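Below is one structure; the comments refer to it alone.
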Amino acid sequence: MTEQPGQKASVEKLADLIASTDLITVFSGAGMSTESGIPDYRSPDGIWSRMQPITYQQFVSDEAARLEDWRRRFIMNDDFAIAQPNQGYGCIDTLYKRGQLHGIITQNIDGLHKRGRVSGERIVELHGNATFGRCLECSRAMELEAVRGVIERTGACPRCESCGGLVKVAVISFGQNLDPAALQRAAQWSADCELFLVLGSSLVVEPAASLPRLAASQGATLAIINREHTPLDNLAACIVRGSIGSAFTQAVSMAS
Ligand code: NAD
């Protein structure tokens, strides 16, 4: 992406904000992983331009919807498996090593944050993780390869080996509630950070998008790196309209 007018000043401002605190909460969205080759949803060539989501209610009530959901998950997971954490993830590792990272709240389901150096205890995957399955009744985990094997052998979706419940990929679908414990931890890290840094999110998916509002209302400084406008730009002290790979890398290195 070409550098936008005023971007240099915005990156310098972000560097100053980063340098001035050891309490940074990172809030990432699908834009965090586009530079790892994983498409986002709402960019013009994003996933929603090609297919409609399958809701939780459709999944639990209709075997055909379940089979279609798994078919898409396997394709998506093959992309996730070959993706490598990009420069932006490296910058978060740097903040962590410098002792500046309070926590990572991610809307992403690709598991890439967990492949960096940040301890898993500092990461909340608000929308779950698409790299494994989980029983909807007893929460027993199931490897995706095992799910794929059952579908290939039987033509039907797998049932939990422990309780017979439906197995679904361990992500939050449209129409499904977020894990209350994950949401509570995310709200805590939003309320008690000094800098709330949004990386690559359109900030339209709720309740996730309420977290930057919460942070700002509790006195945190809000900064956003996103290629496009977001509905919360008016709350931000710093907006960098560029790509995370270059802008975040510059800001983190200037802040050292
Ligand atoms: P979104 O698709 O709504 O918005 C992504 C935003 O990132 C866009 O505004 C886009 O302009 C921006 N962007 C894309 N690449 C960028 C880059 N390199 N640098 C800076 N900005 C960039 O994504 P969202 O807000 O996360 O919400 C969509 C939902 O999609 C989330 O719930 C998430 O779970 C899910 N999702 C996850 C993945 C993943 O895990 N990688 C991929 C697609 C969608």
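Simple scheme: letters A, B, ... for chains in structure tokens order, numbers from 1 for residues in each chain, numbers from 1 for ligands in the order shown.
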Please identify all protein, DNA and RNA residues within 6 Å of ligand 1, counting only C-alpha atoms and all ligand atoms, and report them as a PyMOL selection string. chain A and resi 29-35+38-43+107-110+127+200-203+205+225-228+242-244
Would you save the residues from that selection as a short mmCIF file (atom, residue, chain, number, x, y, z; two decimals), in the first residue's frame, using C-alpha atoms?
```cif
data_model
loop_
_atom_site.label_atom_id
_atom_site.label_comp_id
_atom_site.auth_asym_id
_atom_site.auth_seq_id
_atom_site.Cartn_x
_atom_site.Cartn_y
_atom_site.Cartn_z
CA GLY A 29 -8.71 -8.28 13.80
CA ALA A 30 -8.52 -10.10 10.51
CA GLY A 31 -6.28 -7.35 9.06
CA MET A 32 -3.53 -8.59 11.38
CA SER A 33 -3.22 -11.77 9.32
CA THR A 34 -3.73 -10.55 5.73
CA GLU A 35 0.04 -10.10 5.40
CA ILE A 38 -5.15 -15.10 5.20
CA PRO A 39 -7.93 -12.98 3.66
CA ASP A 40 -10.07 -10.76 5.91
CA TYR A 41 -13.86 -10.54 5.72
CA ARG A 42 -14.72 -6.99 4.88
CA SER A 43 -12.04 -5.76 2.50
CA GLN A 107 -10.99 -11.57 17.13
CA ASN A 108 -8.97 -13.90 14.95
CA ILE A 109 -9.51 -17.63 14.83
CA ASP A 110 -6.33 -18.58 12.98
CA HIS A 127 -14.01 -15.71 18.81
CA GLY A 200 -6.51 -4.41 11.46
CA SER A 201 -10.16 -4.43 12.50
CA SER A 202 -13.18 -2.81 10.88
CA LEU A 203 -14.58 -2.44 14.45
CA VAL A 205 -18.46 -6.85 15.02
CA ILE A 225 -3.76 1.06 12.55
CA ASN A 226 -6.22 0.15 9.81
CA ARG A 227 -6.27 0.56 6.05
CA GLU A 228 -9.85 1.85 6.09
CA GLY A 242 -1.61 2.14 6.43
CA SER A 243 -0.55 -1.46 6.56
CA ILE A 244 0.40 -3.03 9.87
#
```
Just list the residues in stretch 68-117 of chain A DSSP gives strand (DSSP E or B) on the backbone, as a list of chain:residue names.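 Residues of stretch 68-117 of chain A classed as strand (DSSP E or B): A:Leu101, A:His102, A:Gly103, A:Ile104, A:Ile105, A:Thr106.
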Could you build a table of the residues in stretch 53-113 of chain A lying no more than 12 Å from stretch 142-151 of chain A, giving for each the nearest pair of atoms and their separation in Å rounded to one decimal place, using only C-alpha atoms, ordered by chain and ascending residue number, as a tab-separated table?
```
residue	atom	partner	partner_atom	distance
A:Glu63	CA	A:Ile151	CA	11.6
A:Arg66	CA	A:Ile151	CA	10.7
A:Leu67	CA	A:Ile151	CA	8.2
A:Glu68	CA	A:Ile151	CA	11.2
A:Asp69	CA	A:Arg148	CA	11.9
A:Trp70	CA	A:Arg148	CA	8.1
A:Arg71	CA	A:Arg148	CA	8.8
A:Arg72	CA	A:Arg148	CA	11.6
A:Arg73	CA	A:Leu144	CA	9.0
A:Phe74	CA	A:Arg148	CA	7.8
A:Ile75	CA	A:Arg148	CA	11.2
A:Met76	CA	A:Leu144	CA	11.6
A:Asn77	CA	A:Leu144	CA	8.8
A:Asp78	CA	A:Leu144	CA	10.6
A:Ala81	CA	A:Leu144	CA	11.7
```
For A:Cys91, list every protein, DNA or RNA residue within 8 Å, evaluated using only C-alpha atoms, and leave out those in the same chain fewer than 4 positions away; present the list as number ranges by chain. A: 87, 95, 248-249, 252
What's the separation between atom CA of A:Val167 and atom CA of A:Pro53, in Å to one decimal place? 18.0 Å
Residue with smallest distance to A:Phe196 - pool A:Cys138, A:Cys163, A:Leu178, A:Ala216, counting only C-alpha atoms: A:Ala216
Secondary structure check, alpha helix (DSSP H) residues of stretch 46-172 of chain A, as JSON, numbers by chain: {"A": [56, 57, 58, 59, 60, 61, 63, 64, 65, 66, 67, 68, 69, 70, 71, 72, 73, 74, 75, 76, 77, 78, 79, 80, 81, 82, 87, 88, 89, 90, 91, 92, 93, 94, 95, 96, 97, 144, 145, 146, 147, 148, 149, 150, 151, 152, 153, 154]}
If you count only C-alpha atoms, the residue of A:Val118, A:Leu126, A:Gln218, A:Lys168 closest to A:Pro180 turns out to be A:Leu126
